[in-house]
Structure formats: C-alpha cells, structure tokens
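Undergrad: Sharing a structure with you now.
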Amino acid sequence: MNEIQVKIKTFLSKFFGNHDLQKDEDIFALGFVNSMFAMQLVLFVEQEFQIVIENEDLEFENFRTINSITNLVERKTAVIIHI
C-alpha cells in the first residue's frame, strides 16, 4: 500500500470495527456507509489531502474502494501540481 492508501484505510478502519478492509473491497456493498458517513469521508479526503471535491467528483465510483478514493486523490493532486 502506498501512503495515500494507508491514510485512507486508517480513517476507514475507525468505522469498520474488526473488519480488515481490503483495497478493492466495496464499502457500500459491505453496508457500512450511510449519508452521514459519506459526508465525513468527503471532508476527510479534502482536509487530509488538501484538495477540493467538486460536485462532479461526488459519484459512488470515486468513493467505493480504497483504490478508487486513492485514484481520485491522485487525479486531484496531479491537477494541482500541473497548474
């Protein structure tokens, strides 16, 4: 796991109890996500990685797994670096 994945997994683990969440596991399919948690997740990603999640980023596919969240962060930080 890279540093981004570790930070995301650490955050998610606080909410998933004893479940050892894998990088490709669908957190929505596992039933751990409600609307309040989804908001917390978005805020965590914005604050932890200093990015802005735009309305067009708010799709389930961007937040479904550790890998998909990592990809979103990498895309958003790549845009910041290239500006």
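Each chain of the structure tokens is named A, B, ... in the order shown, its residues numbered from 1; ligands are numbered from 1 in display order.
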Tell me, which residues of chain A carry DSSP alpha helix (DSSP H), written as number ranges by chain?
TA: A: 3-13, 35-49, 60-63, 66-82
Undergrad: Kindly provide the residues of stretch 26-55 of chain A that approach stretch 69-80 of chain A to within 9 Å, each paired with its closest atom pair and their distance in Å to one decimal, based on only C-alpha atoms, listed by chain and increasing number, as a tab-separated table.
TA:
residue	atom	partner	partner_atom	distance
A:Val45	CA	A:Val73	CA	7.6
A:Glu46	CA	A:Val73	CA	8.8
A:Phe49	CA	A:Val73	CA	7.2
A:Gln50	CA	A:Thr77	CA	8.4
A:Ile51	CA	A:Lys76	CA	6.6
A:Val52	CA	A:Lys76	CA	7.9
A:Ile53	CA	A:Lys76	CA	8.3
Undergrad: As a PyMOL selection string, please: the residues near A:Phe63 (cut-off 12 Å, only C-alpha atoms, same-chain neighbours under 6 positions excluded).
TA: chain A and resi 8+12+23-29+33+37-42+44-45+53+57+69-73
Undergrad: Using the selection just defined, write its residues with N, CA and C atoms as a PDB file, in the first residue's frame.
TA:
ATOM      1  N   ILE A   8      -6.058   6.459   3.990  1.00  0.00           N
ATOM      2  CA  ILE A   8      -7.479   6.186   3.753  1.00  0.00           C
ATOM      3  C   ILE A   8      -7.928   4.970   4.554  1.00  0.00           C
ATOM      4  N   LEU A  12     -10.826   4.788   7.422  1.00  0.00           N
ATOM      5  CA  LEU A  12     -11.978   3.897   7.268  1.00  0.00           C
ATOM      6  C   LEU A  12     -12.048   2.851   8.379  1.00  0.00           C
ATOM      7  N   LYS A  23      -8.080  -3.280  -0.269  1.00  0.00           N
ATOM      8  CA  LYS A  23      -8.006  -2.143  -1.194  1.00  0.00           C
ATOM      9  C   LYS A  23      -9.130  -2.110  -2.222  1.00  0.00           C
ATOM     10  N   ASP A  24      -9.624  -3.265  -2.618  1.00  0.00           N
ATOM     11  CA  ASP A  24     -10.651  -3.327  -3.654  1.00  0.00           C
ATOM     12  C   ASP A  24     -12.040  -3.679  -3.122  1.00  0.00           C
ATOM     13  N   GLU A  25     -12.196  -3.689  -1.801  1.00  0.00           N
ATOM     14  CA  GLU A  25     -13.494  -4.026  -1.219  1.00  0.00           C
ATOM     15  C   GLU A  25     -14.445  -2.840  -1.309  1.00  0.00           C
ATOM     16  N   ASP A  26     -15.658  -3.105  -1.735  1.00  0.00           N
ATOM     17  CA  ASP A  26     -16.680  -2.082  -1.918  1.00  0.00           C
ATOM     18  C   ASP A  26     -17.309  -1.734  -0.568  1.00  0.00           C
ATOM     19  N   ILE A  27     -17.017  -0.537  -0.062  1.00  0.00           N
ATOM     20  CA  ILE A  27     -17.520  -0.167   1.257  1.00  0.00           C
ATOM     21  C   ILE A  27     -19.034   0.035   1.249  1.00  0.00           C
ATOM     22  N   PHE A  28     -19.606   0.350   0.090  1.00  0.00           N
ATOM     23  CA  PHE A  28     -21.060   0.500   0.000  1.00  0.00           C
ATOM     24  C   PHE A  28     -21.731  -0.875   0.044  1.00  0.00           C
ATOM     25  N   ALA A  29     -21.168  -1.836  -0.672  1.00  0.00           N
ATOM     26  CA  ALA A  29     -21.723  -3.189  -0.700  1.00  0.00           C
ATOM     27  C   ALA A  29     -21.625  -3.854   0.674  1.00  0.00           C
ATOM     28  N   VAL A  33     -21.780   2.146   4.961  1.00  0.00           N
ATOM     29  CA  VAL A  33     -21.864   3.558   4.590  1.00  0.00           C
ATOM     30  C   VAL A  33     -23.303   4.056   4.654  1.00  0.00           C
ATOM     31  N   PHE A  37     -21.867   9.197   7.080  1.00  0.00           N
ATOM     32  CA  PHE A  37     -20.504   8.702   6.893  1.00  0.00           C
ATOM     33  C   PHE A  37     -19.927   9.175   5.560  1.00  0.00           C
ATOM     34  N   ALA A  38     -20.743   9.182   4.518  1.00  0.00           N
ATOM     35  CA  ALA A  38     -20.278   9.635   3.201  1.00  0.00           C
ATOM     36  C   ALA A  38     -19.787  11.077   3.286  1.00  0.00           C
ATOM     37  N   MET A  39     -20.508  11.922   4.019  1.00  0.00           N
ATOM     38  CA  MET A  39     -20.084  13.319   4.191  1.00  0.00           C
ATOM     39  C   MET A  39     -18.768  13.389   4.958  1.00  0.00           C
ATOM     40  N   GLN A  40     -18.641  12.576   5.990  1.00  0.00           N
ATOM     41  CA  GLN A  40     -17.397  12.546   6.765  1.00  0.00           C
ATOM     42  C   GLN A  40     -16.229  12.113   5.893  1.00  0.00           C
ATOM     43  N   LEU A  41     -16.466  11.148   5.033  1.00  0.00           N
ATOM     44  CA  LEU A  41     -15.422  10.649   4.149  1.00  0.00           C
ATOM     45  C   LEU A  41     -14.956  11.738   3.189  1.00  0.00           C
ATOM     46  N   VAL A  42     -15.901  12.456   2.598  1.00  0.00           N
ATOM     47  CA  VAL A  42     -15.552  13.550   1.684  1.00  0.00           C
ATOM     48  C   VAL A  42     -14.742  14.619   2.421  1.00  0.00           C
ATOM     49  N   PHE A  44     -12.950  14.260   5.149  1.00  0.00           N
ATOM     50  CA  PHE A  44     -11.632  13.701   5.465  1.00  0.00           C
ATOM     51  C   PHE A  44     -10.704  13.811   4.259  1.00  0.00           C
ATOM     52  N   VAL A  45     -11.178  13.400   3.092  1.00  0.00           N
ATOM     53  CA  VAL A  45     -10.345  13.413   1.888  1.00  0.00           C
ATOM     54  C   VAL A  45      -9.915  14.847   1.565  1.00  0.00           C
ATOM     55  N   ILE A  53     -13.185  18.602  -3.363  1.00  0.00           N
ATOM     56  CA  ILE A  53     -14.042  17.642  -4.047  1.00  0.00           C
ATOM     57  C   ILE A  53     -15.189  18.431  -4.666  1.00  0.00           C
ATOM     58  N   ASP A  57     -17.245  15.280  -8.786  1.00  0.00           N
ATOM     59  CA  ASP A  57     -16.463  14.209  -8.154  1.00  0.00           C
ATOM     60  C   ASP A  57     -17.311  13.338  -7.235  1.00  0.00           C
ATOM     61  N   ILE A  69     -10.753   5.765  -4.095  1.00  0.00           N
ATOM     62  CA  ILE A  69     -10.501   7.029  -3.393  1.00  0.00           C
ATOM     63  C   ILE A  69      -9.070   7.485  -3.667  1.00  0.00           C
ATOM     64  N   THR A  70      -8.142   6.549  -3.653  1.00  0.00           N
ATOM     65  CA  THR A  70      -6.741   6.865  -3.954  1.00  0.00           C
ATOM     66  C   THR A  70      -6.610   7.442  -5.358  1.00  0.00           C
ATOM     67  N   ASN A  71      -7.286   6.837  -6.318  1.00  0.00           N
ATOM     68  CA  ASN A  71      -7.241   7.342  -7.694  1.00  0.00           C
ATOM     69  C   ASN A  71      -7.789   8.759  -7.780  1.00  0.00           C
ATOM     70  N   LEU A  72      -8.871   9.034  -7.069  1.00  0.00           N
ATOM     71  CA  LEU A  72      -9.444  10.372  -7.047  1.00  0.00           C
ATOM     72  C   LEU A  72      -8.436  11.370  -6.476  1.00  0.00           C
ATOM     73  N   VAL A  73      -7.835  11.023  -5.350  1.00  0.00           N
ATOM     74  CA  VAL A  73      -6.842  11.911  -4.726  1.00  0.00           C
ATOM     75  C   VAL A  73      -5.677  12.150  -5.681  1.00  0.00           C
TER      76      VAL A  73
END
